[in-house]
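Peer 1: Starting off with a structure, shown below.
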Amino acid sequence: MPKGLITFLLLAAIATASAQQSLALHFDGGSWWSHVKFLADDSLEGRDTGSEGLRKAEAYAVEQLEKAGCEPAGTHGFYQSIHFRQFQIDESKSSLELIYGTQSKHLSFSGDAYFSPRLTHASAAVSAPLVFVGYGLQIPEKSLDELAGLDLNGKIAVYLAGSPADIPSALAAHYQTIGERWRAFREAGAVGLITIPNPASMDVPWSRISANHNQPAMDLADPEFNETQGLDVGIVFNPAAAEPLFAGSGHTFADLAALAKDRKPLPHFGLETSLQAAASVASKNVTSDNVIAKLPGNDPSLKNEFVVLSAHVDHVGIGAPINGDRIYNGAMDNASGSAVVLDMAADLKAHPQALKRSVLFVLFTAEEKGLLGAKYFNAHPTVPHNSMVADINIDMFLPIAPLKVLRIQGLADSDLGDRAASVAKSLGVKAVPDPEPLRNLFIRSDQYYFIRHGIPSVIMDVFYAPGSPEQKPFKDWLTERYHAPSDDTNQPVDLKAAALYEEIVRRLLIGTADDSAAPQWKPDSFFRRYTDK
């Protein structure tokens, strides 16, 4: 055989072996799915915050983390207790009336609009004019002030959820948080707000939203977390019933929604309508826990730093029946993410790595109540705040079809995003930033509060690109299973996709823990400012 051919074949064999090694996975989806099946079992009744079902789920998680050789890192063992206030509207003692001239329209809590219990004063009685404020955003970085020139003193601000197209998605999402929104409205003198969901970005149809509209809501009990001081009434309005709000204004909701679908600028104007609202809110105290464990690193100079792997373990509990089923199991949202955390801990024991940095495994409570477990943990961390160098958060990564494209939120904000994209590429997966800015995903899971405290973070999920064969099943999943009883273990799942996702997380986690340089914010990232706070 010619020498040149021998050399070629040898190099080809080495390249093939190298590729196979790089694609060798530590996971097959089996152990991940077994964790999901336990956490999403009917016996846990949907893992609502403060419920016995969630306590069972967390006890299971602690047992698995102990088996994996992790050490407790909570305030009492593996747990960090948090006090909440729970709120629920007594609709028999509450009412909403829309007033137009001498006419009034009674608003149905199921079909027209409903009170947000968390955003409504305990004994609210409000009669106030309405003002449409477009998207209702003040974004100094883009010289956008949709409240400029409007008289909101003593009035209720009405806004359509969304943002203009020239606002980057992470920036737009940040300023749509209730804390940022209400700060601007309060300073302008408003006494309440009406949110109209954007029909172009509603993950859940109104029929299902309405069915569970009066489920209890929660907030952190400690006054230090009160972001809505002065807010008398918060209301969510059905887009399909929103036209009467604009009677006599010279505008129609249909026209406004068409603009918002394409993220075009919206007009701002006083409405001819006003609202009379009377709410009775019952409240009680609730306690629930975060679960926190650590796997110590080995490097003398880096072992006191942590890479955080996080997910929320709570879901929404028991709700309105759909096809006779009242248990909202939360298999993909987010038993799936919690299962990755538990699987990762077990794998690091089965395949020991001499990690330089320590790993902090965190399972949050009350994510479904407004990211409250993560909000509390980041304000009162159980390890020194400046010891956490990165957070990899997992929430509903949705392995229901082959993993070809990975959406990485935070991709452009820190070099942690670059690392995640590089790992994905090495495994044959394309990485993309968030292509759906209307859904505000960047503020809708627990990584947001790590970011707010200056810690680089990413959240990654399987993405089904527009026009791909997988997109319709993905959209159907959101419509039919998201926050529904059918998000259970009787749904289709792609175990190979789950295993590949876990491998990406594993390599990112280990690479970040072992790199001598901690992840850094990029100079042009909006969130870089929080490193100084």
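FYI, nothing fancy with the structure tokens labels: chains A, B, ... in order, residues from 1 per chain, ligands from 1 as they appear.
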Counting only C-alpha atoms, which residues in region 279-383 of chain A sit no more than 9 Å from region 396-405 of chain A? For each one, give the nearest pair of atoms and the distance in Å, sorted by chain then residue number, as a tab-separated table.
Peer 2:
residue	atom	partner	partner_atom	distance
A:Ala331	CA	A:Met396	CA	8.6
A:Met332	CA	A:Met396	CA	5.1
A:Asp333	CA	A:Met396	CA	4.8
A:Asn334	CA	A:Met396	CA	5.4
A:Ala335	CA	A:Met396	CA	8.1
A:Ser336	CA	A:Met396	CA	6.3
A:Gly337	CA	A:Met396	CA	6.2
Peer 1: Would you write out, as CSV, a table of all residues in region 340-409 of chain A that have an atom no more than 9 Å from an atom of region 293-313 of chain A, listing for each the closest atom pair and the distance in Å to one decimal, considering only C-alpha atoms and ordering rows by chain and rising residue number?
Peer 2:
residue,atom,partner,partner_atom,distance
A:Val340,CA,A:Ala311,CA,8.5
A:Val341,CA,A:Leu309,CA,6.7
A:Ala345,CA,A:Leu295,CA,8.2
A:Ala354,CA,A:Asn298,CA,6.2
A:Leu355,CA,A:Gly297,CA,5.1
A:Lys356,CA,A:Asp299,CA,4.5
A:Arg357,CA,A:Lys303,CA,4.4
A:Ser358,CA,A:Gly297,CA,4.0
A:Val359,CA,A:Val307,CA,5.0
A:Leu360,CA,A:Lys294,CA,4.5
A:Phe361,CA,A:Leu309,CA,5.1
A:Val362,CA,A:Ser310,CA,4.7
A:Leu363,CA,A:His312,CA,5.1
A:Phe364,CA,A:His312,CA,4.3
A:Thr365,CA,A:His312,CA,6.0
A:Ala366,CA,A:His312,CA,7.7
A:Glu367,CA,A:His312,CA,6.1
A:Glu368,CA,A:His312,CA,8.5
A:Leu371,CA,A:His312,CA,8.8
A:Gly373,CA,A:His312,CA,8.4
A:Ala374,CA,A:His312,CA,8.6
A:Val383,CA,A:Phe306,CA,8.7
A:Pro384,CA,A:Glu305,CA,8.9
A:Asn386,CA,A:Glu305,CA,8.1
A:Ser387,CA,A:Glu305,CA,4.5
A:Met388,CA,A:Phe306,CA,4.7
A:Val389,CA,A:Val307,CA,5.8
A:Ala390,CA,A:Val307,CA,5.1
A:Asp391,CA,A:Val308,CA,4.5
A:Ile392,CA,A:Leu309,CA,5.0
A:Asn393,CA,A:Ser310,CA,4.7
A:Ile394,CA,A:Ala311,CA,5.0
A:Asp395,CA,A:Ala311,CA,6.0
Peer 1: Dump N, CA and C atoms for the selected residues as a JSON list (two decimals), in the first residue's frame?
Peer 2:
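Result went into result-v1.json, see below:
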[["chain", "number", "residue", "atom", "x", "y", "z"],
["A", 340, "VAL", "N", -32.94, 17.25, 35.15],
["A", 340, "VAL", "CA", -31.58, 17.46, 34.64],
["A", 340, "VAL", "C", -30.63, 17.76, 35.80],
["A", 341, "VAL", "N", -31.06, 18.61, 36.73],
["A", 341, "VAL", "CA", -30.22, 18.95, 37.88],
["A", 341, "VAL", "C", -29.88, 17.68, 38.67],
["A", 345, "ALA", "N", -26.07, 15.81, 38.95],
["A", 345, "ALA", "CA", -25.39, 15.51, 40.21],
["A", 345, "ALA", "C", -24.99, 14.04, 40.26],
["A", 354, "ALA", "N", -12.43, 16.16, 38.65],
["A", 354, "ALA", "CA", -11.71, 16.98, 39.63],
["A", 354, "ALA", "C", -11.97, 18.46, 39.30],
["A", 355, "LEU", "N", -13.18, 18.89, 39.57],
["A", 355, "LEU", "CA", -13.58, 20.25, 39.20],
["A", 355, "LEU", "C", -12.81, 21.27, 40.03],
["A", 356, "LYS", "N", -12.41, 22.35, 39.37],
["A", 356, "LYS", "CA", -11.69, 23.40, 40.07],
["A", 356, "LYS", "C", -12.64, 24.23, 40.94],
["A", 357, "ARG", "N", -13.70, 24.70, 40.32],
["A", 357, "ARG", "CA", -14.72, 25.43, 41.08],
["A", 357, "ARG", "C", -15.75, 24.47, 41.65],
["A", 358, "SER", "N", -16.48, 24.95, 42.64],
["A", 358, "SER", "CA", -17.59, 24.18, 43.19],
["A", 358, "SER", "C", -18.83, 24.37, 42.34],
["A", 359, "VAL", "N", -19.75, 23.41, 42.44],
["A", 359, "VAL", "CA", -21.03, 23.49, 41.75],
["A", 359, "VAL", "C", -22.13, 23.65, 42.80],
["A", 360, "LEU", "N", -23.03, 24.58, 42.55],
["A", 360, "LEU", "CA", -24.17, 24.78, 43.43],
["A", 360, "LEU", "C", -25.42, 24.35, 42.67],
["A", 361, "PHE", "N", -26.11, 23.33, 43.20],
["A", 361, "PHE", "CA", -27.35, 22.86, 42.60],
["A", 361, "PHE", "C", -28.51, 23.52, 43.35],
["A", 362, "VAL", "N", -29.38, 24.23, 42.62],
["A", 362, "VAL", "CA", -30.48, 24.94, 43.27],
["A", 362, "VAL", "C", -31.80, 24.59, 42.58],
["A", 363, "LEU", "N", -32.75, 24.14, 43.38],
["A", 363, "LEU", "CA", -34.12, 23.89, 42.91],
["A", 363, "LEU", "C", -35.03, 24.91, 43.59],
["A", 364, "PHE", "N", -35.63, 25.77, 42.79],
["A", 364, "PHE", "CA", -36.41, 26.88, 43.33],
["A", 364, "PHE", "C", -37.88, 26.52, 43.52],
["A", 365, "THR", "N", -38.45, 27.11, 44.55],
["A", 365, "THR", "CA", -39.89, 27.13, 44.73],
["A", 365, "THR", "C", -40.45, 28.42, 44.14],
["A", 366, "ALA", "N", -41.75, 28.45, 43.93],
["A", 366, "ALA", "CA", -42.51, 29.67, 43.61],
["A", 366, "ALA", "C", -42.07, 30.38, 42.33],
["A", 367, "GLU", "N", -41.48, 29.65, 41.40],
["A", 367, "GLU", "CA", -41.21, 30.27, 40.10],
["A", 367, "GLU", "C", -42.51, 30.64, 39.41],
["A", 368, "GLU", "N", -43.49, 29.75, 39.52],
["A", 368, "GLU", "CA", -44.79, 29.98, 38.87],
["A", 368, "GLU", "C", -45.57, 31.13, 39.51],
["A", 371, "LEU", "N", -41.30, 34.04, 39.92],
["A", 371, "LEU", "CA", -39.85, 33.88, 40.13],
["A", 371, "LEU", "C", -39.46, 34.20, 41.57],
["A", 373, "GLY", "N", -38.90, 32.36, 44.39],
["A", 373, "GLY", "CA", -37.82, 31.63, 45.05],
["A", 373, "GLY", "C", -36.45, 32.13, 44.63],
["A", 374, "ALA", "N", -36.29, 32.38, 43.33],
["A", 374, "ALA", "CA", -35.01, 32.91, 42.83],
["A", 374, "ALA", "C", -34.80, 34.35, 43.28],
["A", 383, "VAL", "N", -24.63, 31.21, 49.95],
["A", 383, "VAL", "CA", -23.17, 31.29, 49.79],
["A", 383, "VAL", "C", -22.87, 32.75, 49.51],
["A", 384, "PRO", "N", -21.63, 33.20, 49.72],
["A", 384, "PRO", "CA", -21.34, 34.61, 49.44],
["A", 384, "PRO", "C", -21.75, 35.00, 48.03],
["A", 386, "ASN", "N", -20.72, 37.18, 45.88],
["A", 386, "ASN", "CA", -19.67, 37.34, 44.87],
["A", 386, "ASN", "C", -18.92, 36.05, 44.58],
["A", 387, "SER", "N", -19.32, 34.95, 45.23],
["A", 387, "SER", "CA", -18.69, 33.66, 44.94],
["A", 387, "SER", "C", -19.37, 32.95, 43.77],
["A", 388, "MET", "N", -20.56, 33.40, 43.37],
["A", 388, "MET", "CA", -21.29, 32.77, 42.26],
["A", 388, "MET", "C", -20.87, 33.45, 40.96],
["A", 389, "VAL", "N", -20.17, 32.71, 40.10],
["A", 389, "VAL", "CA", -19.59, 33.30, 38.90],
["A", 389, "VAL", "C", -20.48, 33.11, 37.67],
["A", 390, "ALA", "N", -21.43, 32.18, 37.73],
["A", 390, "ALA", "CA", -22.30, 31.93, 36.57],
["A", 390, "ALA", "C", -23.51, 31.12, 37.00],
["A", 391, "ASP", "N", -24.59, 31.27, 36.25],
["A", 391, "ASP", "CA", -25.79, 30.46, 36.46],
["A", 391, "ASP", "C", -26.22, 29.85, 35.12],
["A", 392, "ILE", "N", -26.42, 28.54, 35.13],
["A", 392, "ILE", "CA", -27.02, 27.84, 33.99],
["A", 392, "ILE", "C", -28.41, 27.41, 34.46],
["A", 393, "ASN", "N", -29.43, 28.04, 33.91],
["A", 393, "ASN", "CA", -30.80, 27.77, 34.36],
["A", 393, "ASN", "C", -31.52, 26.91, 33.33],
["A", 394, "ILE", "N", -32.39, 26.02, 33.82],
["A", 394, "ILE", "CA", -33.12, 25.11, 32.94],
["A", 394, "ILE", "C", -34.61, 25.20, 33.27],
["A", 395, "ASP", "N", -35.40, 25.49, 32.25],
["A", 395, "ASP", "CA", -36.84, 25.60, 32.45],
["A", 395, "ASP", "C", -37.55, 25.19, 31.17]]
Peer 1: Do you know which residues are at most 7 Å from His453 (chain A) counting only C-alpha atoms, after dropping those on the same chain fewer than 3 positions away, and could you put them as a ChimeraX atom specification?
Peer 2: /A:378,449-450,530-531,533
Peer 1: If you count only C-alpha atoms, which residues fall within 9 Å of Pro485 (chain A), apart from same-chain ones fewer than 4 positions away, as a list in words?
Peer 2: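 Residues near the query, excluding close chain neighbours: Gly46, Ile318, Gly319, Pro321, Ile322, Asn323, Asp325, Arg326, Ile327, Tyr328, Asn329, Gly330 and Arg481 of chain A.
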Peer 1: Those residues with all heavy atoms, as a CSV table (one decimal), in the first residue's frame please?
Peer 2:
chain,number,residue,atom,x,y,z
A,46,GLY,N,-49.4,18.2,41.3
A,46,GLY,CA,-49.0,19.5,40.6
A,46,GLY,C,-48.0,20.4,41.3
A,46,GLY,O,-47.7,21.4,40.8
A,318,ILE,N,-53.4,22.1,41.5
A,318,ILE,CA,-54.7,21.6,41.1
A,318,ILE,C,-55.5,22.8,40.6
A,318,ILE,O,-55.6,23.8,41.2
A,318,ILE,CB,-55.4,20.8,42.2
A,318,ILE,CG1,-54.6,19.6,42.6
A,318,ILE,CG2,-56.8,20.4,41.8
A,318,ILE,CD1,-55.2,18.9,43.8
A,319,GLY,N,-56.1,22.6,39.4
A,319,GLY,CA,-56.9,23.7,38.8
A,319,GLY,C,-58.2,23.3,38.2
A,319,GLY,O,-58.7,22.2,38.4
A,321,PRO,N,-60.8,21.6,35.8
A,321,PRO,CA,-60.7,20.4,35.0
A,321,PRO,C,-60.7,20.6,33.5
A,321,PRO,O,-61.4,21.5,33.0
A,321,PRO,CB,-61.9,19.6,35.5
A,321,PRO,CG,-62.9,20.6,36.0
A,321,PRO,CD,-62.1,21.7,36.5
A,322,ILE,N,-59.8,19.9,32.8
A,322,ILE,CA,-59.9,19.8,31.4
A,322,ILE,C,-59.9,18.4,31.0
A,322,ILE,O,-59.1,17.6,31.4
A,322,ILE,CB,-58.6,20.5,30.8
A,322,ILE,CG1,-58.5,22.0,31.2
A,322,ILE,CG2,-58.6,20.3,29.3
A,322,ILE,CD1,-57.3,22.7,30.7
A,323,ASN,N,-61.0,18.0,30.3
A,323,ASN,CA,-61.3,16.6,30.0
A,323,ASN,C,-61.3,15.7,31.2
A,323,ASN,O,-60.8,14.6,31.2
A,323,ASN,CB,-60.2,16.1,29.0
A,323,ASN,CG,-60.3,16.8,27.7
A,323,ASN,OD1,-61.3,17.2,27.2
A,323,ASN,ND2,-59.1,17.0,27.1
A,325,ASP,N,-59.7,16.1,34.0
A,325,ASP,CA,-58.4,16.0,34.8
A,325,ASP,C,-58.1,17.4,35.4
A,325,ASP,O,-58.1,18.4,34.8
A,325,ASP,CB,-57.3,15.6,33.8
A,325,ASP,CG,-56.0,15.3,34.6
A,325,ASP,OD1,-55.9,15.4,35.8
A,325,ASP,OD2,-55.0,14.8,33.9
A,326,ARG,N,-57.9,17.4,36.8
A,326,ARG,CA,-57.7,18.6,37.5
A,326,ARG,C,-56.2,18.8,38.0
A,326,ARG,O,-55.9,19.8,38.5
A,326,ARG,CB,-58.6,18.7,38.7
A,326,ARG,CG,-60.1,18.7,38.4
A,326,ARG,CD,-61.0,18.9,39.6
A,326,ARG,NE,-60.7,20.1,40.2
A,326,ARG,CZ,-60.4,20.3,41.5
A,326,ARG,NH1,-60.1,19.3,42.3
A,326,ARG,NH2,-60.2,21.6,42.0
A,327,ILE,N,-55.4,17.7,37.8
A,327,ILE,CA,-54.0,17.8,38.2
A,327,ILE,C,-53.1,18.3,37.1
A,327,ILE,O,-53.0,17.7,36.1
A,327,ILE,CB,-53.5,16.4,38.7
A,327,ILE,CG1,-54.4,16.0,39.9
A,327,ILE,CG2,-52.1,16.5,39.1
A,327,ILE,CD1,-54.1,14.6,40.4
A,328,TYR,N,-52.5,19.5,37.4
A,328,TYR,CA,-51.6,20.1,36.4
A,328,TYR,C,-50.2,19.6,36.7
A,328,TYR,O,-49.4,20.2,37.5
A,328,TYR,CB,-51.7,21.6,36.5
A,328,TYR,CG,-53.0,22.2,36.0
A,328,TYR,CD1,-54.2,21.7,36.5
A,328,TYR,CD2,-53.0,23.1,34.9
A,328,TYR,CE1,-55.4,22.2,35.9
A,328,TYR,CE2,-54.2,23.6,34.4
A,328,TYR,CZ,-55.4,23.2,34.9
A,328,TYR,OH,-56.6,23.7,34.4
A,329,ASN,N,-49.8,18.5,36.1
A,329,ASN,CA,-48.6,17.7,36.6
A,329,ASN,C,-47.3,18.4,36.3
A,329,ASN,O,-46.3,18.2,37.1
A,329,ASN,CB,-48.6,16.4,35.8
A,329,ASN,CG,-49.8,15.6,36.0
A,329,ASN,OD1,-50.9,15.8,35.4
A,329,ASN,ND2,-49.8,14.6,36.9
A,330,GLY,N,-47.2,19.3,35.3
A,330,GLY,CA,-45.9,20.0,35.1
A,330,GLY,C,-44.8,19.1,34.8
A,330,GLY,O,-43.7,19.2,35.3
A,481,ARG,N,-50.9,21.9,25.9
A,481,ARG,CA,-50.3,21.3,27.1
A,481,ARG,C,-49.7,22.3,28.1
A,481,ARG,O,-49.6,22.0,29.3
A,481,ARG,CB,-49.3,20.3,26.7
A,481,ARG,CG,-49.8,19.1,25.9
A,481,ARG,CD,-48.7,18.1,25.6
A,481,ARG,NE,-49.1,17.0,24.7
A,481,ARG,CZ,-49.8,15.9,25.1
A,481,ARG,NH1,-50.1,15.7,26.4
A,481,ARG,NH2,-50.1,15.0,24.2
Peer 1: Could you tell me which of A:Gly410, A:Ile504, A:Ala379, A:Pro223 comes closest to Ala424 (chain A) if we count only C-alpha atoms?
Peer 2: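 Residue with the minimum atom-to-atom distance to Ala424 (chain A): A:Ile504.
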Peer 1: Find the residues near region 273-277 of chain A: any atom within 6 Å, counting only C-alpha atoms, skip ones fewer than 2 places away on the same chain, and give them as an NGL selection string.
Peer 2: :A and (95-100 or 125-130 or 271)
Peer 1: Those residues you just picked out, can you put them in a file as a PDB file, in the first residue's frame with N, CA, C and O atoms?
Peer 2:
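Writing done, so here's selection34.pdb:
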ATOM      1  N   SER A  95     -66.412  43.401  41.885  1.00  0.00           N
ATOM      2  CA  SER A  95     -67.098  43.743  40.635  1.00  0.00           C
ATOM      3  C   SER A  95     -66.230  44.648  39.776  1.00  0.00           C
ATOM      4  O   SER A  95     -65.355  45.370  40.282  1.00  0.00           O
ATOM      5  N   LEU A  96     -66.487  44.611  38.470  1.00  0.00           N
ATOM      6  CA  LEU A  96     -65.848  45.493  37.499  1.00  0.00           C
ATOM      7  C   LEU A  96     -66.924  46.071  36.587  1.00  0.00           C
ATOM      8  O   LEU A  96     -67.751  45.332  36.048  1.00  0.00           O
ATOM      9  N   GLU A  97     -66.912  47.398  36.423  1.00  0.00           N
ATOM     10  CA  GLU A  97     -67.868  48.076  35.535  1.00  0.00           C
ATOM     11  C   GLU A  97     -67.106  49.025  34.625  1.00  0.00           C
ATOM     12  O   GLU A  97     -66.270  49.815  35.084  1.00  0.00           O
ATOM     13  N   LEU A  98     -67.395  48.952  33.337  1.00  0.00           N
ATOM     14  CA  LEU A  98     -66.815  49.877  32.370  1.00  0.00           C
ATOM     15  C   LEU A  98     -67.844  50.972  32.096  1.00  0.00           C
ATOM     16  O   LEU A  98     -68.998  50.680  31.757  1.00  0.00           O
ATOM     17  N   ILE A  99     -67.443  52.223  32.274  1.00  0.00           N
ATOM     18  CA  ILE A  99     -68.365  53.359  32.145  1.00  0.00           C
ATOM     19  C   ILE A  99     -68.023  54.149  30.888  1.00  0.00           C
ATOM     20  O   ILE A  99     -66.868  54.502  30.658  1.00  0.00           O
ATOM     21  N   TYR A 100     -69.062  54.429  30.065  1.00  0.00           N
ATOM     22  CA  TYR A 100     -68.900  55.246  28.868  1.00  0.00           C
ATOM     23  C   TYR A 100     -70.070  56.227  28.810  1.00  0.00           C
ATOM     24  O   TYR A 100     -71.199  55.847  28.521  1.00  0.00           O
ATOM     25  N   ALA A 125     -61.296  49.951  46.095  1.00  0.00           N
ATOM     26  CA  ALA A 125     -62.533  50.544  45.574  1.00  0.00           C
ATOM     27  C   ALA A 125     -62.101  51.742  44.740  1.00  0.00           C
ATOM     28  O   ALA A 125     -61.778  52.803  45.267  1.00  0.00           O
ATOM     29  N   VAL A 126     -62.069  51.560  43.437  1.00  0.00           N
ATOM     30  CA  VAL A 126     -61.481  52.551  42.541  1.00  0.00           C
ATOM     31  C   VAL A 126     -62.483  52.949  41.472  1.00  0.00           C
ATOM     32  O   VAL A 126     -63.167  52.109  40.893  1.00  0.00           O
ATOM     33  N   SER A 127     -62.593  54.242  41.238  1.00  0.00           N
ATOM     34  CA  SER A 127     -63.342  54.773  40.100  1.00  0.00           C
ATOM     35  C   SER A 127     -62.426  55.780  39.426  1.00  0.00           C
ATOM     36  O   SER A 127     -62.106  56.822  40.006  1.00  0.00           O
ATOM     37  N   ALA A 128     -61.981  55.462  38.202  1.00  0.00           N
ATOM     38  CA  ALA A 128     -60.951  56.295  37.589  1.00  0.00           C
ATOM     39  C   ALA A 128     -61.038  56.265  36.072  1.00  0.00           C
ATOM     40  O   ALA A 128     -61.422  55.248  35.479  1.00  0.00           O
ATOM     41  N   PRO A 129     -60.655  57.367  35.429  1.00  0.00           N
ATOM     42  CA  PRO A 129     -60.580  57.405  33.972  1.00  0.00           C
ATOM     43  C   PRO A 129     -59.449  56.511  33.473  1.00  0.00           C
ATOM     44  O   PRO A 129     -58.517  56.173  34.225  1.00  0.00           O
ATOM     45  N   LEU A 130     -59.521  56.166  32.190  1.00  0.00           N
ATOM     46  CA  LEU A 130     -58.532  55.292  31.574  1.00  0.00           C
ATOM     47  C   LEU A 130     -57.689  56.064  30.560  1.00  0.00           C
ATOM     48  O   LEU A 130     -58.193  56.961  29.879  1.00  0.00           O
ATOM     49  N   LEU A 271     -58.664  57.828  27.007  1.00  0.00           N
ATOM     50  CA  LEU A 271     -59.858  57.096  26.589  1.00  0.00           C
ATOM     51  C   LEU A 271     -61.107  57.810  27.091  1.00  0.00           C
ATOM     52  O   LEU A 271     -61.062  58.555  28.087  1.00  0.00           O
TER      53      LEU A 271
END
Peer 1: If we count only C-alpha atoms and set the cut-off at 10 Å, which residues sit around Val429 (chain A), ignoring sequence neighbours fewer than 2 positions away in its own chain? Please answer as a list in words.
Peer 2: Leu403, Lys404, Val405, Leu406, Ala421, Ser422, Val423, Ala424, Lys425, Ser426, Leu427, Ala431, Val432, Val462, Leu500, Tyr501 and Ile504 of chain A
Peer 1: Kindly save the residues from that selection, with N, CA, C and O atoms included, as an mmCIF file, in the first residue's frame.
Peer 2:
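Dumped everything to result-v7.cif:
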data_model
loop_
_atom_site.group_PDB
_atom_site.id
_atom_site.type_symbol
_atom_site.label_atom_id
_atom_site.label_comp_id
_atom_site.auth_asym_id
_atom_site.auth_seq_id
_atom_site.Cartn_x
_atom_site.Cartn_y
_atom_site.Cartn_z
ATOM 1 N N LEU A 403 -33.178 17.283 18.725
ATOM 2 C CA LEU A 403 -32.500 18.542 19.038
ATOM 3 C C LEU A 403 -31.542 18.896 17.908
ATOM 4 O O LEU A 403 -30.470 18.302 17.767
ATOM 5 N N LYS A 404 -31.950 19.853 17.085
ATOM 6 C CA LYS A 404 -31.124 20.342 15.977
ATOM 7 C C LYS A 404 -30.699 21.792 16.201
ATOM 8 O O LYS A 404 -29.630 22.205 15.774
ATOM 9 N N VAL A 405 -31.571 22.550 16.858
ATOM 10 C CA VAL A 405 -31.320 23.968 17.111
ATOM 11 C C VAL A 405 -31.527 24.241 18.593
ATOM 12 O O VAL A 405 -32.533 23.816 19.173
ATOM 13 N N LEU A 406 -30.575 24.931 19.202
ATOM 14 C CA LEU A 406 -30.652 25.275 20.623
ATOM 15 C C LEU A 406 -30.820 26.778 20.751
ATOM 16 O O LEU A 406 -29.977 27.550 20.295
ATOM 17 N N ALA A 421 -22.757 28.226 23.093
ATOM 18 C CA ALA A 421 -22.871 28.045 21.648
ATOM 19 C C ALA A 421 -21.763 27.142 21.123
ATOM 20 O O ALA A 421 -21.987 26.303 20.232
ATOM 21 N N SER A 422 -20.556 27.305 21.658
ATOM 22 C CA SER A 422 -19.425 26.488 21.225
ATOM 23 C C SER A 422 -19.642 25.020 21.580
ATOM 24 O O SER A 422 -19.351 24.126 20.770
ATOM 25 N N VAL A 423 -20.143 24.760 22.783
ATOM 26 C CA VAL A 423 -20.424 23.384 23.186
ATOM 27 C C VAL A 423 -21.482 22.778 22.277
ATOM 28 O O VAL A 423 -21.349 21.637 21.806
ATOM 29 N N ALA A 424 -22.550 23.524 22.021
ATOM 30 C CA ALA A 424 -23.610 23.021 21.145
ATOM 31 C C ALA A 424 -23.056 22.680 19.766
ATOM 32 O O ALA A 424 -23.342 21.602 19.214
ATOM 33 N N LYS A 425 -22.245 23.568 19.213
ATOM 34 C CA LYS A 425 -21.665 23.345 17.885
ATOM 35 C C LYS A 425 -20.806 22.091 17.857
ATOM 36 O O LYS A 425 -20.824 21.328 16.878
ATOM 37 N N SER A 426 -20.068 21.862 18.933
ATOM 38 C CA SER A 426 -19.194 20.681 18.986
ATOM 39 C C SER A 426 -19.991 19.386 18.956
ATOM 40 O O SER A 426 -19.445 18.321 18.630
ATOM 41 N N LEU A 427 -21.250 19.465 19.294
ATOM 42 C CA LEU A 427 -22.127 18.291 19.294
ATOM 43 C C LEU A 427 -23.102 18.316 18.119
ATOM 44 O O LEU A 427 -24.109 17.590 18.110
ATOM 45 N N ALA A 431 -26.724 26.916 17.457
ATOM 46 C CA ALA A 431 -27.172 27.804 18.536
ATOM 47 C C ALA A 431 -27.718 29.090 17.948
ATOM 48 O O ALA A 431 -27.132 29.661 17.025
ATOM 49 N N VAL A 432 -28.858 29.553 18.492
ATOM 50 C CA VAL A 432 -29.456 30.806 18.027
ATOM 51 C C VAL A 432 -29.888 31.636 19.231
ATOM 52 O O VAL A 432 -30.219 31.088 20.287
ATOM 53 N N VAL A 462 -34.702 23.555 23.517
ATOM 54 C CA VAL A 462 -34.823 23.039 22.160
ATOM 55 C C VAL A 462 -35.710 23.995 21.375
ATOM 56 O O VAL A 462 -36.796 24.366 21.833
ATOM 57 N N LEU A 500 -29.017 14.474 24.601
ATOM 58 C CA LEU A 500 -28.099 15.406 23.946
ATOM 59 C C LEU A 500 -28.109 16.750 24.664
ATOM 60 O O LEU A 500 -27.054 17.377 24.854
ATOM 61 N N TYR A 501 -29.289 17.192 25.090
ATOM 62 C CA TYR A 501 -29.383 18.442 25.853
ATOM 63 C C TYR A 501 -28.580 18.324 27.147
ATOM 64 O O TYR A 501 -27.826 19.235 27.515
ATOM 65 N N ILE A 504 -24.917 18.746 26.553
ATOM 66 C CA ILE A 504 -24.547 20.147 26.369
ATOM 67 C C ILE A 504 -24.416 20.839 27.716
ATOM 68 O O ILE A 504 -23.442 21.556 27.983
#
Peer 1: So that I can check the secondary structure, give me every residue of region 15-182 of chain A assigned strand (DSSP E or B) by backbone DSSP, as a PyMOL selection string.
Peer 2: chain A and resi 48+71-72+76+79-89+95-100+103-106+113-115+125-132+138-139+144-145+156-160
Peer 1: Between A:Ile235, A:Leu147, A:Leu256, A:Leu171, which residue has the minimum interatomic distance to Tyr448 (chain A), considering only C-alpha atoms?
Peer 2: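 Comparing A:Ile235, A:Leu147, A:Leu256, A:Leu171 against Tyr448 (chain A), the winner is A:Leu171.
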Peer 1: Could you make a table, as CSV, of the residues of region 204-280 of chain A that have an atom within 10 Å of an atom of region 175-193 of chain A, each with its nearest atom pair and distance in Å to one decimal, counting only C-alpha atoms, in chain and number order?
Peer 2:
residue,atom,partner,partner_atom,distance
A:Phe225,CA,A:Gly179,CA,9.9
A:Asn226,CA,A:Gly179,CA,8.8
A:Glu227,CA,A:Gly179,CA,5.2
A:Thr228,CA,A:Trp182,CA,6.3
A:Gln229,CA,A:Arg186,CA,8.3
A:Gly230,CA,A:Val191,CA,6.8
A:Leu231,CA,A:Val191,CA,5.5
A:Asp232,CA,A:Gly192,CA,5.5
A:Val233,CA,A:Gly192,CA,4.8
A:Gly234,CA,A:Leu193,CA,5.1
A:Ile235,CA,A:Leu193,CA,6.4
A:Val236,CA,A:Leu193,CA,8.6
Peer 1: Give the answer as one residue: which of A:Ser414, A:Asn214, A:Gly250, A:Lys375 has the shortest atom-to-atom distance to Ala113 (chain A), using only C-alpha atoms?
Peer 2: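 Among the listed residues, A:Asn214 lies closest to Ala113 (chain A).
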